[in-house]
Amino acid sequence: MTYAHIRLEIEGPVASLIFNRPQVLNAFHNEAMDECRAALREMAEDDRVRVVLVRGEGRAFSAGFDMKAAAERDMSTVDHVRRQMERQFDFIMAFWDCPKPTIALVHGFCMAGAFEVALACDITVAAEGTRFGEPEVRFGTGIVAMLLPWAVLPKHAKEILLTGNDKMDAARAHAIGIVNHVVPEGELAAFGRRMARDIAAAAGPSVFFTKRAMNRTYEIMGMREALRASLDIDVILNATPSAEKSEFQRIRKEQGLKAALAWRDSRFSDGQAP
């Protein structure tokens, strides 16, 4: 298949799924999400592929869901909200459900929906200087795939999600278990390829069934049901008006996204928008 918003490269047993909208920091709109899911299905069916690297073109892994596209979308009813959020949820979980191991190589910015993609991947390697965050509570929305409490201790998850701080650095992300390794940015691709080749060199059925067993363990503990329940709550949240959400959207429409982000961050102790 050919893709407009991502690239798919295959080198021996290692495939690379590359978010390719660098002009908007690889923000995810519906077309990009649909292409990612199609590419993951393609790689799942390709017997050559043993491992999938996931990375972003340009200066960021991804800034998350495309806020400009979201502002232009009809979200006037609960049904509209639910359909869109289920589409986003299915996109994120496609990385978890991929039968081939997925390795996220993150750099620059890894925010909101992209942060959840990195959590959904089996392994995450971050470049030094990467900035992480889930700022949804700061402008009146919620988490699409509530994976963070399954990856870190609850007090860490609550601090990150309830403050909406989007300035967490790679060292902090590593210390609390969000990423496996932190490497210099110039070494990120090579480090990821070495890890991918090591996985690809292992016995294929063993890798396949070991990933399946680990995922199934979390699902037996209730992860999938918990994520769906959180999504149901998030649909209600996103369909509920709030003063913060309305003001953010007004400023974004009248003055642009940068001004809206500056207004958002000026209200918190961690400073101004970048």
# chains A, B, ... in the order shown; residues from 1 in each chain; ligands from 1

$ residues_around --residues "stretch 191-199 of chain A" --least-positions-apart "4" --cutoff "7 Å" --atoms "only C-alpha atoms" --output "list in words"
Val14, Val51, Leu105 and Glu187 of chain A

$ residues_around --residues "stretch 137-150 of chain A" --least-positions-apart "3" --cutoff "9 Å" --atoms "only C-alpha atoms" --output "PyMOL selection string"
chain A and resi 85-86+88-89+92-93+112-113+116-117+119-120+134+153-158+161-165+178+218+223+226-228+230-231+233-235+237-238+240-249+261+264-265+267-268

$ write_last_selection --atoms "C-alpha atoms" --output "CSV table (one decimal), in the first residue's frame"
chain,number,residue,atom,x,y,z
A,85,MET,CA,-13.0,8.8,20.6
A,86,GLU,CA,-13.5,5.2,19.7
A,88,GLN,CA,-8.7,7.3,18.5
A,89,PHE,CA,-8.9,4.5,21.1
A,92,ILE,CA,-3.8,3.6,20.1
A,93,MET,CA,-4.6,0.0,21.0
A,112,ALA,CA,-1.2,13.4,24.9
A,113,GLY,CA,-2.3,10.8,22.3
A,116,GLU,CA,-0.5,6.9,24.9
A,117,VAL,CA,0.9,5.4,21.7
A,119,LEU,CA,2.7,3.4,26.3
A,120,ALA,CA,0.9,1.0,24.0
A,134,GLU,CA,-0.7,14.4,29.2
A,153,LEU,CA,2.6,3.3,40.3
A,154,PRO,CA,-0.7,5.0,40.9
A,155,LYS,CA,0.7,8.0,42.7
A,156,HIS,CA,2.9,8.8,39.6
A,157,ALA,CA,0.0,8.3,37.3
A,158,LYS,CA,-2.3,10.6,39.3
A,161,LEU,CA,-2.7,13.1,34.8
A,162,LEU,CA,-4.3,15.4,37.4
A,163,THR,CA,-1.8,18.3,37.0
A,164,GLY,CA,-1.6,17.9,33.2
A,165,ASN,CA,2.1,18.8,33.3
A,178,ILE,CA,7.5,5.0,31.2
A,218,TYR,CA,-2.9,-7.8,31.8
A,223,MET,CA,-7.0,-4.0,31.7
A,226,ALA,CA,-10.9,-0.8,32.6
A,227,LEU,CA,-9.8,1.0,29.5
A,228,ARG,CA,-13.2,0.7,27.9
A,230,SER,CA,-12.4,4.9,31.2
A,231,LEU,CA,-13.3,5.6,27.6
A,233,ILE,CA,-16.3,8.3,31.1
A,234,ASP,CA,-14.1,10.3,28.8
A,235,VAL,CA,-16.9,10.4,26.2
A,237,LEU,CA,-16.3,14.4,29.8
A,238,ASN,CA,-15.7,15.5,26.2
A,240,THR,CA,-19.8,18.1,28.8
A,241,PRO,CA,-19.2,21.9,28.4
A,242,SER,CA,-16.7,23.6,30.7
A,243,ALA,CA,-15.5,27.2,31.1
A,244,GLU,CA,-11.9,26.2,30.5
A,245,LYS,CA,-12.7,24.3,27.3
A,246,SER,CA,-14.8,27.1,25.9
A,247,GLU,CA,-12.2,29.8,26.6
A,248,PHE,CA,-9.4,27.6,25.2
A,249,GLN,CA,-11.4,27.1,22.0
A,261,LEU,CA,-1.5,27.2,24.8
A,264,ARG,CA,-3.6,27.5,29.2
A,265,ASP,CA,-0.1,27.3,30.7
A,267,ARG,CA,-2.7,29.5,34.8
A,268,PHE,CA,-0.3,26.9,36.2

$ closest_residue --among "A:Ala171, A:Leu257, A:Ala239, A:Arg41" --to "A:Ala94" --atoms "only C-alpha atoms"
A:Arg41

$ closest_residue --among "A:Asp122, A:Thr77, A:Lys167, A:Leu53" --to "A:Ser269" --atoms "only C-alpha atoms"
A:Lys167

$ select_by_dssp --residues "stretch 56-261 of chain A" --states "helix (DSSP H, G or I)" --output "PyMOL selection string"
chain A and resi 67-72+78-97+113-120+136-139+148-151+154-163+170-175+185-201+204-220+223-239+243-255+257-261

$ write_last_selection --atoms "C-alpha atoms" --output "CSV table (one decimal), in the first residue's frame"
chain,number,residue,atom,x,y,z
A,67,MET,CA,-6.1,20.1,17.6
A,68,LYS,CA,-6.9,22.0,14.4
A,69,ALA,CA,-8.6,19.0,12.8
A,70,ALA,CA,-10.5,18.5,16.1
A,71,ALA,CA,-11.8,22.1,16.1
A,72,GLU,CA,-13.1,21.6,12.6
A,78,VAL,CA,-22.6,12.5,22.2
A,79,ASP,CA,-22.7,10.1,19.3
A,80,HIS,CA,-20.3,12.2,17.3
A,81,VAL,CA,-18.0,12.4,20.4
A,82,ARG,CA,-18.2,8.6,21.0
A,83,ARG,CA,-17.4,7.7,17.3
A,84,GLN,CA,-14.4,10.0,17.2
A,85,MET,CA,-13.0,8.8,20.6
A,86,GLU,CA,-13.5,5.2,19.7
A,87,ARG,CA,-11.6,5.8,16.5
A,88,GLN,CA,-8.7,7.3,18.5
A,89,PHE,CA,-8.9,4.5,21.1
A,90,ASP,CA,-8.7,1.8,18.4
A,91,PHE,CA,-5.7,3.6,16.8
A,92,ILE,CA,-3.8,3.6,20.1
A,93,MET,CA,-4.6,0.0,21.0
A,94,ALA,CA,-3.6,-1.2,17.5
A,95,PHE,CA,0.0,-0.8,18.7
A,96,TRP,CA,-0.7,-3.0,21.8
A,97,ASP,CA,-2.6,-5.5,19.8
A,113,GLY,CA,-2.3,10.8,22.3
A,114,ALA,CA,1.3,10.2,21.2
A,115,PHE,CA,2.2,9.6,24.9
A,116,GLU,CA,-0.5,6.9,24.9
A,117,VAL,CA,0.9,5.4,21.7
A,118,ALA,CA,4.3,5.2,23.3
A,119,LEU,CA,2.7,3.4,26.3
A,120,ALA,CA,0.9,1.0,24.0
A,136,GLU,CA,-5.7,17.2,28.7
A,137,VAL,CA,-7.1,18.3,32.0
A,138,ARG,CA,-5.7,21.8,31.4
A,139,PHE,CA,-8.1,22.5,28.6
A,148,LEU,CA,-0.6,5.1,32.4
A,149,PRO,CA,-1.9,3.5,35.6
A,150,TRP,CA,-1.0,0.1,34.1
A,151,ALA,CA,2.6,1.3,33.4
A,154,PRO,CA,-0.7,5.0,40.9
A,155,LYS,CA,0.7,8.0,42.7
A,156,HIS,CA,2.9,8.8,39.6
A,157,ALA,CA,0.0,8.3,37.3
A,158,LYS,CA,-2.3,10.6,39.3
A,159,GLU,CA,0.4,13.3,39.6
A,160,ILE,CA,0.9,13.3,35.8
A,161,LEU,CA,-2.7,13.1,34.8
A,162,LEU,CA,-4.3,15.4,37.4
A,163,THR,CA,-1.8,18.3,37.0
A,170,ALA,CA,13.2,11.8,29.6
A,171,ALA,CA,15.1,11.2,32.8
A,172,ARG,CA,12.0,11.4,34.9
A,173,ALA,CA,10.1,9.2,32.4
A,174,HIS,CA,12.8,6.6,32.7
A,175,ALA,CA,12.9,6.8,36.5
A,185,GLU,CA,19.3,11.7,20.2
A,186,GLY,CA,22.0,11.0,17.6
A,187,GLU,CA,22.1,7.4,18.8
A,188,LEU,CA,18.4,6.7,19.0
A,189,ALA,CA,17.9,5.1,15.6
A,190,ALA,CA,20.9,2.9,15.9
A,191,PHE,CA,20.0,1.8,19.4
A,192,GLY,CA,16.5,0.9,18.3
A,193,ARG,CA,17.7,-1.1,15.3
A,194,ARG,CA,20.1,-3.1,17.5
A,195,MET,CA,17.3,-3.9,19.9
A,196,ALA,CA,15.0,-4.8,17.0
A,197,ARG,CA,17.6,-7.1,15.5
A,198,ASP,CA,18.1,-8.9,18.8
A,199,ILE,CA,14.3,-9.5,19.0
A,200,ALA,CA,14.2,-10.6,15.3
A,201,ALA,CA,17.1,-13.0,15.9
A,204,GLY,CA,9.8,-16.3,16.1
A,205,PRO,CA,7.1,-18.4,17.7
A,206,SER,CA,8.6,-17.8,21.2
A,207,VAL,CA,8.5,-14.1,20.7
A,208,PHE,CA,4.9,-14.2,19.3
A,209,PHE,CA,3.5,-16.3,22.1
A,210,THR,CA,5.5,-14.6,24.8
A,211,LYS,CA,4.1,-11.2,23.8
A,212,ARG,CA,0.6,-12.7,23.6
A,213,ALA,CA,0.9,-14.3,27.1
A,214,MET,CA,2.1,-11.0,28.7
A,215,ASN,CA,-0.7,-9.0,27.0
A,216,ARG,CA,-3.2,-11.7,28.1
A,217,THR,CA,-2.0,-11.5,31.7
A,218,TYR,CA,-2.9,-7.8,31.8
A,219,GLU,CA,-6.2,-8.4,30.1
A,220,ILE,CA,-7.1,-11.2,32.6
A,223,MET,CA,-7.0,-4.0,31.7
A,224,ARG,CA,-9.2,-4.1,28.6
A,225,GLU,CA,-12.4,-3.7,30.6
A,226,ALA,CA,-10.9,-0.8,32.6
A,227,LEU,CA,-9.8,1.0,29.5
A,228,ARG,CA,-13.2,0.7,27.9
A,229,ALA,CA,-14.8,1.9,31.1
A,230,SER,CA,-12.4,4.9,31.2
A,231,LEU,CA,-13.3,5.6,27.6
A,232,ASP,CA,-17.0,5.7,28.4
A,233,ILE,CA,-16.3,8.3,31.1
A,234,ASP,CA,-14.1,10.3,28.8
A,235,VAL,CA,-16.9,10.4,26.2
A,236,ILE,CA,-19.1,12.0,28.9
A,237,LEU,CA,-16.3,14.4,29.8
A,238,ASN,CA,-15.7,15.5,26.2
A,239,ALA,CA,-19.4,16.0,25.7
A,243,ALA,CA,-15.5,27.2,31.1
A,244,GLU,CA,-11.9,26.2,30.5
A,245,LYS,CA,-12.7,24.3,27.3
A,246,SER,CA,-14.8,27.1,25.9
A,247,GLU,CA,-12.2,29.8,26.6
A,248,PHE,CA,-9.4,27.6,25.2
A,249,GLN,CA,-11.4,27.1,22.0
A,250,ARG,CA,-12.3,30.8,21.7
A,251,ILE,CA,-8.7,31.9,22.0
A,252,ARG,CA,-7.5,29.2,19.6
A,253,LYS,CA,-10.1,30.3,17.0
A,254,GLU,CA,-9.5,34.1,17.4
A,255,GLN,CA,-5.8,34.2,18.1
A,257,LEU,CA,-3.1,27.7,18.9
A,258,LYS,CA,0.0,29.3,20.3
A,259,ALA,CA,-2.0,31.9,22.1
A,260,ALA,CA,-4.4,29.3,23.4
A,261,LEU,CA,-1.5,27.2,24.8

$ select_by_dssp --residues "stretch 78-207 of chain A" --states "strand (DSSP E)" --output "list of chain:residue names"
A:Thr102, A:Ile103, A:Ala104, A:Leu105, A:Val106, A:Phe109, A:Cys110, A:Met111, A:Ile123, A:Thr124, A:Val125, A:Ala126, A:Ala127, A:Arg131, A:Phe132, A:Gly133, A:Met168, A:Asp169, A:His181, A:Val182, A:Val183

$ residues_around --residues "A:Ile123" --least-positions-apart "2" --cutoff "7 Å" --atoms "only C-alpha atoms" --output "VMD selection string"
chain A and resid 102 to 104 121 125 180

$ write_last_selection --atoms "C-alpha atoms" --output "PDB file, in the first residue's frame"
ATOM      1  CA  THR A 102       6.525  -2.701  18.679  1.00  0.00           C
ATOM      2  CA  ILE A 103       9.362  -0.409  19.778  1.00  0.00           C
ATOM      3  CA  ALA A 104       8.642   3.324  20.085  1.00  0.00           C
ATOM      4  CA  CYS A 121       4.092  -0.045  22.327  1.00  0.00           C
ATOM      5  CA  VAL A 125      13.354   4.264  23.990  1.00  0.00           C
ATOM      6  CA  ASN A 180      13.072   1.579  29.004  1.00  0.00           C
TER       7      ASN A 180
END

$ closest_residue --among "A:Val106, A:Met168, A:Ala202, A:Cys36" --to "A:Asp270" --atoms "only C-alpha atoms"
A:Met168

$ decode --residues "stretch 67-181 of chain A" --atoms "C-alpha atoms" --output "short mmCIF file (atom, residue, chain, number, x, y, z; two decimals), in the first residue's frame"
data_model
loop_
_atom_site.label_atom_id
_atom_site.label_comp_id
_atom_site.auth_asym_id
_atom_site.auth_seq_id
_atom_site.Cartn_x
_atom_site.Cartn_y
_atom_site.Cartn_z
CA MET A 67 -6.14 20.09 17.56
CA LYS A 68 -6.85 22.02 14.37
CA ALA A 69 -8.61 19.02 12.84
CA ALA A 70 -10.50 18.49 16.10
CA ALA A 71 -11.76 22.08 16.08
CA GLU A 72 -13.12 21.63 12.56
CA ARG A 73 -14.88 18.35 13.34
CA ASP A 74 -18.60 18.10 14.15
CA MET A 75 -18.75 17.10 17.82
CA SER A 76 -22.21 18.47 18.46
CA THR A 77 -23.72 15.26 19.85
CA VAL A 78 -22.64 12.53 22.24
CA ASP A 79 -22.74 10.05 19.34
CA HIS A 80 -20.31 12.21 17.35
CA VAL A 81 -17.99 12.39 20.35
CA ARG A 82 -18.18 8.64 20.96
CA ARG A 83 -17.43 7.73 17.34
CA GLN A 84 -14.39 9.98 17.24
CA MET A 85 -13.02 8.84 20.58
CA GLU A 86 -13.51 5.18 19.71
CA ARG A 87 -11.56 5.81 16.51
CA GLN A 88 -8.73 7.32 18.54
CA PHE A 89 -8.88 4.50 21.09
CA ASP A 90 -8.71 1.81 18.39
CA PHE A 91 -5.74 3.60 16.83
CA ILE A 92 -3.79 3.62 20.10
CA MET A 93 -4.63 0.03 20.97
CA ALA A 94 -3.56 -1.18 17.51
CA PHE A 95 0.04 -0.84 18.73
CA TRP A 96 -0.72 -2.95 21.81
CA ASP A 97 -2.60 -5.53 19.75
CA CYS A 98 -0.03 -5.82 16.96
CA PRO A 99 1.19 -9.45 17.02
CA LYS A 100 4.72 -8.27 16.20
CA PRO A 101 6.70 -6.50 18.97
CA THR A 102 6.52 -2.70 18.68
CA ILE A 103 9.36 -0.41 19.78
CA ALA A 104 8.64 3.32 20.09
CA LEU A 105 11.65 5.56 19.41
CA VAL A 106 10.61 8.92 20.79
CA HIS A 107 12.29 12.30 20.49
CA GLY A 108 11.39 15.96 20.73
CA PHE A 109 7.78 15.94 21.89
CA CYS A 110 5.69 12.94 22.96
CA MET A 111 2.39 14.42 24.07
CA ALA A 112 -1.17 13.38 24.87
CA GLY A 113 -2.33 10.80 22.30
CA ALA A 114 1.28 10.21 21.25
CA PHE A 115 2.21 9.59 24.87
CA GLU A 116 -0.50 6.91 24.92
CA VAL A 117 0.87 5.40 21.68
CA ALA A 118 4.31 5.16 23.30
CA LEU A 119 2.74 3.44 26.31
CA ALA A 120 0.87 1.03 24.04
CA CYS A 121 4.09 -0.05 22.33
CA ASP A 122 5.92 -2.95 23.92
CA ILE A 123 9.19 -1.06 24.48
CA THR A 124 9.94 2.67 24.49
CA VAL A 125 13.35 4.26 23.99
CA ALA A 126 13.66 8.03 24.42
CA ALA A 127 16.22 10.50 23.17
CA GLU A 128 17.72 12.87 25.72
CA GLY A 129 15.73 16.09 25.69
CA THR A 130 12.40 14.44 24.87
CA ARG A 131 9.46 16.11 26.57
CA PHE A 132 6.48 14.05 27.73
CA GLY A 133 3.05 14.96 29.03
CA GLU A 134 -0.70 14.43 29.18
CA PRO A 135 -2.07 18.01 29.35
CA GLU A 136 -5.71 17.15 28.66
CA VAL A 137 -7.10 18.33 32.02
CA ARG A 138 -5.68 21.78 31.36
CA PHE A 139 -8.11 22.49 28.55
CA GLY A 140 -11.11 20.45 29.56
CA THR A 141 -10.67 17.09 27.83
CA GLY A 142 -9.66 13.65 29.04
CA ILE A 143 -7.48 10.62 28.40
CA VAL A 144 -8.49 8.42 25.46
CA ALA A 145 -6.61 5.25 26.49
CA MET A 146 -5.98 5.20 30.25
CA LEU A 147 -2.82 3.12 29.98
CA LEU A 148 -0.63 5.08 32.35
CA PRO A 149 -1.93 3.50 35.61
CA TRP A 150 -1.02 0.11 34.12
CA ALA A 151 2.56 1.26 33.43
CA VAL A 152 3.53 3.14 36.62
CA LEU A 153 2.62 3.32 40.28
CA PRO A 154 -0.74 5.01 40.91
CA LYS A 155 0.71 8.04 42.67
CA HIS A 156 2.91 8.79 39.64
CA ALA A 157 -0.04 8.32 37.29
CA LYS A 158 -2.27 10.61 39.34
CA GLU A 159 0.36 13.34 39.56
CA ILE A 160 0.93 13.31 35.80
CA LEU A 161 -2.73 13.12 34.78
CA LEU A 162 -4.27 15.41 37.41
CA THR A 163 -1.76 18.25 36.97
CA GLY A 164 -1.61 17.94 33.18
CA ASN A 165 2.10 18.81 33.32
CA ASP A 166 3.57 18.45 29.82
CA LYS A 167 7.17 19.23 30.71
CA MET A 168 8.31 15.86 32.04
CA ASP A 169 11.80 15.09 30.78
CA ALA A 170 13.18 11.77 29.60
CA ALA A 171 15.13 11.17 32.80
CA ARG A 172 11.96 11.43 34.89
CA ALA A 173 10.05 9.23 32.42
CA HIS A 174 12.79 6.62 32.73
CA ALA A 175 12.90 6.81 36.53
CA ILE A 176 9.19 5.97 36.88
CA GLY A 177 9.13 3.28 34.20
CA ILE A 178 7.51 5.02 31.23
CA VAL A 179 10.58 4.44 29.04
CA ASN A 180 13.07 1.58 29.00
CA HIS A 181 16.18 3.51 27.98
#
